[in-house]
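Okay, my_file.txt is below, compact mmCIF, C-alpha atoms:
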```txt
# COMPACT_ATOMS: atom_id res chain seq x y z
CA MET N 1 34.08 17.35 -29.67
CA LYS N 2 34.57 19.95 -26.92
CA ALA N 3 33.25 18.88 -23.53
CA LEU N 4 30.39 20.86 -22.01
CA ASN N 5 30.87 22.62 -18.69
CA VAL N 6 28.11 21.13 -16.52
CA LEU N 7 27.16 22.03 -12.96
CA LEU N 8 25.38 19.38 -10.87
CA SER N 9 23.51 20.45 -7.76
CA ALA N 10 23.76 17.48 -5.40
CA TYR N 11 22.84 18.31 -1.81
CA ALA N 12 23.20 14.57 -1.07
CA CYS N 13 26.41 13.20 -2.59
CA ARG N 14 28.65 10.56 -1.06
CA PRO N 15 30.59 7.65 -2.58
CA ASN N 16 29.85 4.01 -1.81
CA MET N 17 26.31 4.69 -0.63
CA GLY N 18 22.83 3.98 -1.92
CA SER N 19 19.69 6.12 -1.90
CA GLU N 20 20.07 9.85 -2.57
CA PRO N 21 23.78 10.17 -1.67
CA GLY N 22 24.42 7.43 -4.22
CA VAL N 23 22.31 9.22 -6.83
CA GLY N 24 24.39 12.37 -6.43
CA TRP N 25 27.74 10.58 -6.50
CA ASN N 26 27.05 8.13 -9.32
CA THR N 27 25.44 10.74 -11.54
CA ALA N 28 28.50 12.94 -11.15
CA CYS N 29 30.96 10.14 -11.87
CA GLU N 30 29.14 8.88 -14.95
CA VAL N 31 28.55 12.31 -16.51
CA ALA N 32 32.25 13.11 -15.94
CA ASN N 33 33.08 10.35 -18.42
CA TYR N 34 31.71 12.66 -21.12
CA GLU N 35 31.68 16.26 -19.88
CA GLN N 36 33.58 18.60 -17.56
CA VAL N 37 31.60 18.41 -14.33
CA TRP N 38 31.44 20.64 -11.27
CA VAL N 39 29.33 19.44 -8.37
CA ILE N 40 28.08 21.80 -5.70
CA THR N 41 27.31 19.89 -2.52
CA ARG N 42 27.21 20.15 1.26
CA ALA N 43 30.42 20.85 3.14
CA ASP N 44 29.92 17.79 5.38
CA ASN N 45 30.25 15.52 2.33
CA ARG N 46 33.80 16.78 1.75
CA SER N 47 35.84 14.25 3.75
CA PHE N 48 34.07 11.28 2.14
CA ILE N 49 34.45 12.67 -1.36
CA GLU N 50 38.09 13.70 -0.99
CA ALA N 51 39.06 10.29 0.37
CA GLU N 52 37.48 8.61 -2.64
CA MET N 53 38.96 11.09 -5.11
CA ALA N 54 42.43 10.56 -3.62
CA ALA N 55 42.09 6.82 -4.13
CA ASN N 56 40.42 7.07 -7.55
CA PRO N 57 41.12 10.44 -9.23
CA ARG N 58 38.73 11.67 -11.90
CA ASP N 59 40.21 14.41 -14.08
CA LYS N 60 36.93 15.91 -15.29
CA LEU N 61 35.18 15.97 -11.93
CA GLN N 62 35.53 18.82 -9.41
CA PHE N 63 33.58 19.75 -6.30
CA ILE N 64 32.41 23.01 -4.76
CA TYR N 65 31.50 22.79 -1.06
CA CYS N 66 29.23 25.17 0.80
CA ASP N 67 27.02 25.30 3.87
CA ILE N 68 24.57 27.65 5.53
CA PRO N 69 25.94 30.30 7.96
CA TRP N 70 27.19 28.75 11.19
CA LEU N 71 24.75 30.74 13.35
CA MET N 72 21.86 28.86 11.69
CA ARG N 73 23.34 25.38 12.04
CA TRP N 74 22.35 24.83 15.66
CA TRP N 75 18.67 24.65 14.68
CA CYS N 76 19.01 23.61 11.01
CA LYS N 77 20.72 20.23 10.80
CA PRO N 78 21.79 18.63 7.47
CA GLY N 79 19.02 16.55 5.97
CA GLN N 80 16.25 18.64 7.49
CA LEU N 81 13.91 20.60 5.23
CA LEU N 82 14.94 24.06 6.48
CA HIS N 83 18.64 23.25 6.09
CA TYR N 84 17.98 22.02 2.56
CA TYR N 85 16.00 25.14 1.66
CA PHE N 86 18.55 27.61 2.99
CA TRP N 87 21.39 25.58 1.46
CA GLN N 88 19.78 26.08 -1.95
CA ILE N 89 20.06 29.84 -1.46
CA VAL N 90 23.71 29.62 -0.39
CA ALA N 91 24.47 27.33 -3.34
CA TYR N 92 23.09 29.91 -5.76
CA VAL N 93 25.10 32.75 -4.19
CA THR N 94 28.25 30.59 -4.29
CA VAL N 95 27.82 29.59 -7.93
CA ARG N 96 26.85 33.09 -8.99
CA ARG N 97 30.18 34.34 -7.66
CA LEU N 98 32.07 31.68 -9.66
CA TYR N 99 29.83 31.67 -12.71
CA GLN N 100 31.95 33.71 -15.12
CA ASN N 101 35.14 31.75 -14.41
CA LEU N 102 33.44 28.37 -14.80
CA ALA N 103 31.85 29.28 -18.16
CA LEU N 104 28.96 26.91 -17.45
CA ASP N 105 26.76 25.61 -20.25
CA LEU N 106 24.06 23.90 -18.19
CA VAL N 107 23.00 23.13 -14.62
CA HIS N 108 21.29 19.92 -13.47
CA HIS N 109 19.58 19.66 -10.08
CA VAL N 110 20.14 16.04 -9.01
CA THR N 111 19.45 15.76 -5.25
CA TYR N 112 17.38 16.06 -3.18
CA VAL N 113 14.62 14.60 -5.32
CA ARG N 114 11.98 16.80 -3.67
CA TYR N 115 9.50 18.44 -6.03
CA SER N 116 8.08 21.03 -3.62
CA THR N 117 11.36 22.77 -2.72
CA PRO N 118 12.88 25.19 -5.24
CA SER N 119 16.30 25.25 -6.82
CA PHE N 120 17.54 28.85 -6.84
CA LEU N 121 20.06 27.83 -9.50
CA ALA N 122 17.15 28.33 -11.88
CA LEU N 123 18.06 32.03 -11.66
CA LEU N 124 21.31 31.39 -13.56
CA PRO N 125 21.19 32.49 -17.23
CA ILE N 126 21.75 28.94 -18.50
CA PRO N 127 19.40 25.98 -19.04
CA LEU N 128 18.33 24.03 -15.95
CA ILE N 129 17.30 20.40 -15.80
CA TRP N 130 15.28 19.91 -12.63
CA GLY N 131 15.24 16.34 -11.40
CA ALA N 132 14.09 13.76 -11.53
CA VAL N 133 12.27 15.07 -8.45
CA GLY N 134 9.79 13.07 -6.38
CA GLY N 135 7.58 13.21 -3.33
CA GLY N 136 4.20 13.68 -5.00
CA GLU N 137 3.15 10.15 -4.06
CA THR N 138 0.61 9.74 -1.25
CA ALA N 139 -0.92 6.76 0.52
CA PRO N 140 -4.49 6.33 -0.80
CA ALA N 141 -7.06 7.51 1.75
CA PRO N 142 -8.66 4.08 2.43
CA PHE N 143 -5.33 2.81 3.79
CA TRP N 144 -5.12 5.45 6.50
CA GLN N 145 -7.56 3.45 8.62
CA ASP N 146 -4.79 1.01 9.50
CA PHE N 147 -2.26 3.69 10.49
CA SER N 148 -1.50 4.51 14.09
CA TRP N 149 -2.10 8.09 15.28
CA ARG N 150 1.62 8.64 14.76
CA GLY N 151 1.35 7.41 11.16
CA LYS N 152 -1.69 9.56 10.44
CA LEU N 153 0.03 12.62 11.88
CA TYR N 154 3.06 11.92 9.69
CA GLU N 155 0.90 11.68 6.55
CA VAL N 156 -0.94 14.92 7.34
CA ALA N 157 2.31 16.79 8.04
CA ARG N 158 3.97 15.41 4.92
CA ARG N 159 1.06 16.38 2.67
CA LEU N 160 0.81 19.84 4.25
CA ALA N 161 4.54 20.46 3.78
CA HIS N 162 4.30 19.61 0.09
CA ARG N 163 1.24 21.80 -0.43
CA VAL N 164 2.96 24.73 1.26
CA GLY N 165 5.97 24.13 -0.97
CA GLU N 166 3.75 24.16 -4.04
CA LEU N 167 2.61 27.67 -3.09
CA ASP N 168 6.18 28.94 -2.76
CA PRO N 169 6.72 31.37 -5.67
CA PHE N 170 10.32 30.17 -5.95
CA THR N 171 9.15 26.59 -6.52
CA ARG N 172 6.92 27.81 -9.31
CA MET N 173 9.80 29.91 -10.63
CA THR N 174 11.94 26.77 -10.73
CA VAL N 175 9.28 24.97 -12.76
CA ARG N 176 8.82 27.92 -15.11
CA ARG N 177 12.52 28.50 -15.78
CA SER N 178 13.51 24.83 -16.24
CA ALA N 179 14.39 23.68 -19.72
CA LEU N 180 13.26 20.21 -18.66
CA VAL N 181 11.38 18.98 -15.59
CA ARG N 182 11.64 15.31 -14.67
CA ALA N 183 9.59 13.39 -12.11
CA THR N 184 10.40 10.04 -10.53
CA THR N 185 6.76 8.89 -10.78
CA ALA N 186 3.50 9.64 -12.56
CA ALA N 187 2.04 10.91 -9.28
CA THR N 188 4.78 13.52 -8.92
CA ALA N 189 4.41 14.48 -12.57
CA GLU N 190 0.74 15.18 -11.85
CA ARG N 191 1.64 17.50 -8.95
CA LEU N 192 4.22 19.26 -11.13
CA ARG N 193 1.61 19.88 -13.82
CA ALA N 194 -0.61 21.40 -11.13
CA ILE N 195 2.06 24.05 -10.43
CA GLY N 196 2.85 24.88 -14.02
CA ALA N 197 5.04 22.19 -15.58
CA THR N 198 3.79 21.66 -19.11
CA HIS N 199 5.58 18.48 -20.14
CA PRO N 200 7.18 16.77 -17.12
CA GLU N 201 8.94 13.53 -18.03
CA VAL N 202 8.77 10.47 -15.80
CA PHE N 203 12.30 9.20 -15.27
CA PRO N 204 13.63 6.87 -12.52
CA GLU N 205 16.25 7.97 -9.99
CA SER N 206 17.37 4.44 -9.07
CA ALA N 207 20.23 2.65 -10.81
CA LEU N 208 23.13 0.28 -10.13
CA ALA N 209 26.64 0.03 -11.50
CA THR N 210 27.01 -2.48 -14.32
CA ALA N 211 29.57 -4.41 -12.26
CA GLU N 212 27.07 -4.67 -9.42
CA ILE N 213 24.28 -5.78 -11.76
CA GLN N 214 26.59 -8.49 -13.09
CA ALA N 215 27.61 -9.53 -9.57
CA LEU N 216 23.99 -9.82 -8.45
CA ALA N 217 23.21 -11.94 -11.50
CA GLN N 218 25.80 -14.49 -10.32
CA TYR N 219 23.82 -15.46 -7.20
CA PRO N 220 22.32 -18.92 -7.80
CA GLU N 221 18.63 -19.66 -7.59
CA PRO N 222 17.54 -21.08 -4.21
CA PRO N 223 16.23 -24.65 -3.90
CA HIS N 224 12.54 -25.05 -4.75
CA ALA N 225 11.65 -25.67 -1.10
CA PRO N 226 11.04 -24.18 1.28
CA ILE N 227 9.44 -21.28 -0.56
CA ARG N 228 10.66 -18.00 0.90
CA PHE N 229 9.37 -14.47 0.43
CA ILE N 230 11.37 -11.45 1.56
CA SER N 231 10.80 -7.75 2.29
CA MET N 232 13.64 -5.28 2.87
CA ALA N 233 12.45 -1.93 4.19
CA ARG N 234 12.34 0.37 7.15
CA LEU N 235 9.55 -0.72 9.46
CA LEU N 236 7.34 2.30 8.87
CA HIS N 237 3.57 2.46 8.48
CA TRP N 238 3.71 3.54 4.84
CA LYS N 239 5.97 0.67 3.79
CA GLY N 240 2.86 -1.55 3.88
CA LEU N 241 4.48 -4.53 5.61
CA HIS N 242 1.29 -5.07 7.60
CA LEU N 243 -0.41 -5.75 4.26
CA GLY N 244 2.34 -8.18 3.27
CA ILE N 245 2.01 -10.15 6.52
CA GLN N 246 -1.78 -10.33 6.16
CA GLY N 247 -1.45 -11.49 2.54
CA PHE N 248 1.07 -14.15 3.55
CA ALA N 249 -1.22 -15.39 6.35
CA GLN N 250 -4.24 -15.52 4.04
CA ALA N 251 -2.48 -17.36 1.20
CA ASN N 252 -2.82 -21.10 0.77
CA LEU N 253 0.89 -21.93 0.93
CA PRO N 254 2.94 -24.99 1.83
CA ALA N 255 3.39 -25.24 5.60
CA SER N 256 7.15 -24.79 5.22
CA SER N 257 6.82 -21.41 3.47
CA GLU N 258 8.55 -18.47 5.15
CA TYR N 259 8.39 -14.68 5.02
CA TRP N 260 11.61 -12.89 5.95
CA ILE N 261 11.53 -9.20 6.86
CA PHE N 262 14.73 -7.14 7.04
CA GLY N 263 14.79 -3.69 8.58
CA GLU N 264 14.18 -1.75 11.76
CA GLY N 265 11.74 0.95 12.73
CA PRO N 266 8.88 2.05 14.99
CA GLU N 267 6.37 -0.49 13.63
CA LEU N 268 8.32 -3.57 14.78
CA ASP N 269 6.13 -4.30 17.82
CA GLU N 270 2.92 -3.84 15.86
CA LEU N 271 4.11 -6.09 13.05
CA THR N 272 5.32 -8.77 15.47
CA THR N 273 1.97 -8.71 17.26
CA LEU N 274 0.14 -8.92 13.92
CA ALA N 275 2.07 -12.04 12.90
CA GLN N 276 1.27 -13.64 16.25
CA THR N 277 -2.42 -12.73 16.01
CA LEU N 278 -2.66 -14.23 12.53
CA GLY N 279 -0.94 -17.44 13.60
CA VAL N 280 2.13 -17.09 11.37
CA ALA N 281 4.69 -15.91 13.93
CA ASN N 282 6.67 -19.12 13.47
CA ARG N 283 6.95 -18.49 9.72
CA VAL N 284 7.43 -14.69 9.65
CA LYS N 285 11.00 -13.95 10.72
CA PHE N 286 12.19 -10.44 11.60
CA TRP N 287 15.93 -10.16 10.97
CA GLY N 288 16.39 -6.52 11.99
CA ARG N 289 18.78 -4.25 10.18
CA GLN N 290 21.73 -6.05 8.59
CA PRO N 291 24.74 -4.93 6.52
CA ARG N 292 23.83 -4.58 2.86
CA LEU N 293 25.94 -7.55 1.74
CA THR N 294 24.35 -9.77 4.40
CA THR N 295 20.88 -8.67 3.31
CA LEU N 296 21.65 -9.40 -0.33
CA GLN N 297 22.92 -12.86 0.59
CA HIS N 298 19.60 -13.52 2.31
CA LEU N 299 17.76 -12.16 -0.73
CA SER N 300 19.55 -14.79 -2.79
CA GLN N 301 18.06 -17.49 -0.53
CA CYS N 302 14.53 -16.26 -1.24
CA HIS N 303 12.29 -16.75 -4.25
CA VAL N 304 10.21 -13.56 -4.39
CA LEU N 305 10.63 -9.97 -3.19
CA VAL N 306 7.52 -8.45 -1.59
CA HIS N 307 7.47 -4.64 -1.61
CA PRO N 308 3.97 -3.38 -0.65
CA SER N 309 4.97 0.28 -0.14
CA LEU N 310 2.21 2.89 -0.26
CA HIS N 311 4.28 5.87 -1.45
CA ASP N 312 7.88 5.23 -2.49
CA SER N 313 9.45 7.62 -4.97
CA GLY N 314 12.15 5.12 -5.86
CA GLY N 315 12.43 1.56 -4.65
CA TRP N 316 16.11 0.62 -4.93
CA VAL N 317 15.45 -2.84 -3.55
CA CYS N 318 13.27 -3.64 -6.56
CA VAL N 319 16.18 -2.93 -8.91
CA GLU N 320 18.47 -5.12 -6.81
CA ALA N 321 15.94 -7.95 -6.83
CA MET N 322 15.51 -7.70 -10.61
CA ALA N 323 19.28 -7.77 -11.10
CA MET N 324 19.40 -10.94 -8.98
CA GLY N 325 16.64 -12.52 -11.02
CA ARG N 326 13.92 -12.51 -8.38
CA PRO N 327 10.31 -11.68 -9.32
CA ILE N 328 8.62 -8.89 -7.38
CA ILE N 329 5.20 -8.43 -5.82
CA CYS N 330 4.42 -4.74 -5.29
CA LEU N 331 1.56 -2.29 -5.25
CA ASP N 332 0.72 -0.35 -8.39
CA LEU N 333 1.86 2.86 -6.71
CA GLY N 334 4.86 5.17 -6.84
CA GLY N 335 8.36 4.26 -7.96
CA PRO N 336 8.01 0.46 -7.80
CA ALA N 337 5.08 0.67 -10.23
CA GLU N 338 7.40 2.41 -12.71
CA GLN N 339 10.13 -0.21 -12.22
CA VAL N 340 8.17 -3.46 -12.16
CA THR N 341 6.35 -4.65 -15.28
CA ALA N 342 3.97 -7.53 -15.89
CA GLU N 343 6.97 -9.44 -17.25
CA THR N 344 9.08 -8.97 -14.12
CA GLY N 345 6.53 -9.32 -11.32
CA VAL N 346 2.98 -8.83 -10.09
CA LEU N 347 1.50 -5.35 -9.68
CA ILE N 348 -1.37 -5.15 -7.19
CA ALA N 349 -4.01 -2.44 -7.63
CA ALA N 350 -4.34 -0.37 -4.43
CA GLN N 351 -8.04 0.36 -4.00
CA TYR N 352 -8.63 -0.55 -0.35
CA PRO N 353 -6.82 -2.69 2.27
CA GLU N 354 -9.02 -5.80 2.15
CA GLN N 355 -8.73 -5.98 -1.64
CA VAL N 356 -4.93 -5.55 -1.50
CA VAL N 357 -4.57 -8.29 1.12
CA ALA N 358 -6.70 -10.69 -0.95
CA ASP N 359 -4.74 -9.92 -4.13
CA LEU N 360 -1.43 -10.24 -2.31
CA ALA N 361 -2.51 -13.68 -1.06
CA LYS N 362 -3.31 -14.73 -4.63
CA ALA N 363 0.07 -13.46 -5.84
CA PHE N 364 1.88 -15.29 -3.01
CA GLN N 365 0.09 -18.48 -3.98
CA HIS N 366 0.55 -18.10 -7.71
CA LEU N 367 4.30 -17.54 -7.57
CA ALA N 368 4.89 -20.11 -4.84
CA LEU N 369 3.36 -22.86 -6.98
CA ASN N 370 4.81 -21.84 -10.34
CA ALA N 371 8.57 -22.24 -10.52
CA PRO N 372 8.76 -21.80 -14.34
CA LEU N 373 6.97 -18.44 -14.04
CA ARG N 374 9.35 -17.32 -11.31
CA ARG N 375 12.26 -18.24 -13.54
CA GLN N 376 10.75 -16.42 -16.54
CA MET N 377 10.08 -13.27 -14.53
CA GLY N 378 13.54 -13.40 -13.02
CA LEU N 379 15.23 -13.49 -16.42
CA ALA N 380 13.06 -10.61 -17.64
CA GLY N 381 13.99 -8.63 -14.55
CA GLN N 382 17.71 -9.17 -15.14
CA ALA N 383 17.38 -7.96 -18.72
CA ARG N 384 15.46 -4.88 -17.56
CA ALA N 385 18.04 -4.06 -14.89
CA GLN N 386 20.86 -4.24 -17.44
CA THR N 387 19.19 -2.07 -20.08
CA VAL N 388 17.26 0.49 -17.99
CA TYR N 389 18.87 0.71 -14.56
CA SER N 390 22.65 0.78 -15.05
CA TRP N 391 24.58 3.92 -14.10
CA GLU N 392 26.77 3.55 -17.17
CA SER N 393 23.82 3.79 -19.56
CA ARG N 394 22.48 6.66 -17.45
CA GLY N 395 25.69 8.64 -17.96
CA GLN N 396 25.56 8.30 -21.75
CA HIS N 397 21.88 9.22 -21.72
CA LEU N 398 22.48 12.38 -19.68
CA ALA N 399 25.43 13.48 -21.82
CA ASP N 400 23.26 13.19 -24.94
CA LEU N 401 20.41 15.01 -23.19
CA TYR N 402 22.66 17.88 -22.09
CA ARG N 403 23.93 18.44 -25.62
CA ASN N 404 20.42 18.34 -27.00
CA ILE N 405 19.20 20.95 -24.51
CA VAL N 406 22.23 23.23 -24.89
CA SER N 407 21.88 23.20 -28.68
CA ARG N 408 18.19 24.06 -28.40
CA ASN N 409 18.76 26.84 -25.86
CA CYS N 410 21.97 28.45 -27.09
CA SER N 411 20.15 30.89 -29.36
CA THR N 412 18.21 32.60 -26.54
CA PRO N 413 19.53 34.25 -23.35
CA ASN N 414 16.35 33.56 -21.41
CA PRO N 415 16.05 29.94 -20.24
CA SER N 416 12.47 30.52 -19.13
CA ALA N 417 11.50 30.96 -22.75
CA CYS N 418 13.08 27.68 -23.78
CA SER N 419 11.78 24.15 -23.64
CA ILE N 420 12.93 20.86 -25.00
CA ALA N 421 10.72 19.47 -27.71
CA ASP N 422 8.62 16.41 -26.95
```

Structure re-expressed in structure tokens:
Amino acid sequence: MKALNVLLSAYACRPNMGSEPGVGWNTACEVANYEQVWVITRADNRSFIEAEMAANPRDKLQFIYCDIPWLMRWWCKPGQLLHYYFWQIVAYVTVRRLYQNLALDLVHHVTYVRYSTPSFLALLPIPLIWGAVGGGETAPAPFWQDFSWRGKLYEVARRLAHRVGELDPFTRMTVRRSALVRATTAATAERLRAIGATHPEVFPESALATAEIQALAQYPEPPHAPIRFISMARLLHWKGLHLGIQGFAQANLPASSEYWIFGEGPELDELTTLAQTLGVANRVKFWGRQPRLTTLQHLSQCHVLVHPSLHDSGGWVCVEAMAMGRPIICLDLGGPAEQVTAETGVLIAAQYPEQVVADLAKAFQHLALNAPLRRQMGLAGQARAQTVYSWESRGQHLADLYRNIVSRNCSTPNPSACSIAD
């Protein structure tokens, strides 16, 4: 069977990294096992990619590098919204110039996973898969009362930026011309429907290599005592760690129980003060930011992952914890709510802060005192990580999806008139 010529748009794309750079890189590598792949990405990713490709060549994977004009770079830095927006325009112009020679069958926008910024590659006369894109998640209004003025300002600015993006006619054009629109969460799917997407699919961005899933599964279970809970996140207001500390303090736990928090950020002083005020400073330990391997080794010494984030699109740490066989306590919001099931952890409804703290305390207690349940949830999590969140299975899935969409769209020259059947 002849390979398809597929273009991936991956603004973030670097080897040996997690988060969005890892999404771009791993998607490209896995799809290249099945199809001929070109990846258009930022020029500053080039040195990282070429070093990896020199060490591990991939015959069906090629890269196209581009950047915005140099006169704009002094005020538009990579990773910023304006740089990302203008880069999308340059990417389209670059690909349009190469389009005939590449004989592309399909384009897939992979990163950034931002739903309110357009992909100008939708203007190409071939089917576009947009996403999964995210960002439609918001912290429920009752939780704003606990945010600092800085946190509230951030939330207002973030929401305003997305609403402005929704009004951009090019964003709506991207939705309209996509053969398939995918969202990382139900909340983002709702926002996409509001701007014209008729059948957005909810599909996770997070995944791990099968070898990594197998390696994480080899970590042994920790001793039954002392019971340890762990959070791994940037110390930001919307990560909800203040709720986790309050839930831990309120729970009726053995005196030896501990809560480990890994990460750094502007909320460190507030969180440290909160633990002291609640009388648990001797049991809540802040480890700061550690290398990933060190953090995973500490995760293996803990019994339960606590991830009380108020608006995550993804939640990579939840996948890592499942692969290691650790149950998860998280809020029923955003990406973690799509990843964690009743079989693999405890989902807490997010109605208002006092209710969340009380329910977190109950979940802390319940899992601390029930080793068989922790074991059962851990095994279910490992099975879910292997079947749903491996990059290898993701590559096969995407290759099948591409062929399905190309076959359904090949009879019409206008991608905006095409859609994949439900």

Under the rule that only C-alpha atoms are counted, which of N:Trp316, N:Glu212, N:Arg150, N:Leu379 is the nearest residue to Glu267 (chain N)? N:Arg150

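Of the listed residues (N:Trp144, N:Trp287, N:Phe48, N:Phe120), N:Phe120 comes nearest to Phe86 (chain N); the distances count only C-alpha atoms.
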
What does the structure give for the distance between CA of Ile89 (chain N) and CA of Pro118 (chain N), in Å to one decimal? 9.4 Å

Could you please give me, as a PyMOL selection string, the residues of protein, DNA or RNA lying at most 8 Å from (20.7, -4.7, 10.4) in the coordinate frame of the file, considering only C-alpha atoms? chain N and resi 262-264+287-291

Which residues of region 236-275 of chain N have any atom within 12 Å of an atom in region 318-339 of chain N when counting all atoms listed in the file, and what is the closest pair of atoms for each, with the distance in Å to one decimal? Order the rows by chain and rising number and write it as a tab-separated table.
```
residue	atom	partner	partner_atom	distance
N:Trp238	CA	N:Leu333	CA	11.7
N:Lys239	CA	N:Leu331	CA	10.5
N:Gly240	CA	N:Leu331	CA	9.3
N:Leu241	CA	N:Cys330	CA	10.9
N:Leu243	CA	N:Leu331	CA	10.3
N:Gly244	CA	N:Cys330	CA	9.5
N:Gly247	CA	N:Ile329	CA	11.1
N:Phe248	CA	N:Ile329	CA	11.7
```

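Among the candidates N:Asn56, N:Thr184, N:Gln88, N:Ser119, the residue lying nearest to Ile68 (chain N) is N:Gln88 (atoms considered: only C-alpha atoms).
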
Any idea what's packed within 12 Å of Arg42 (chain N), counting all atoms listed in the file, ignoring anything in its chain fewer than 3 positions away? Could you give it as a count of residues only? 33

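Among the candidates N:Gln382, N:Thr198, N:Thr341, N:Thr188, the one nearest to Val113 (chain N) when counting all atoms listed in the file is N:Thr188.
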
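CA of Gly136 (chain N) sits 29.1 Å away from CA of Phe229 (chain N).
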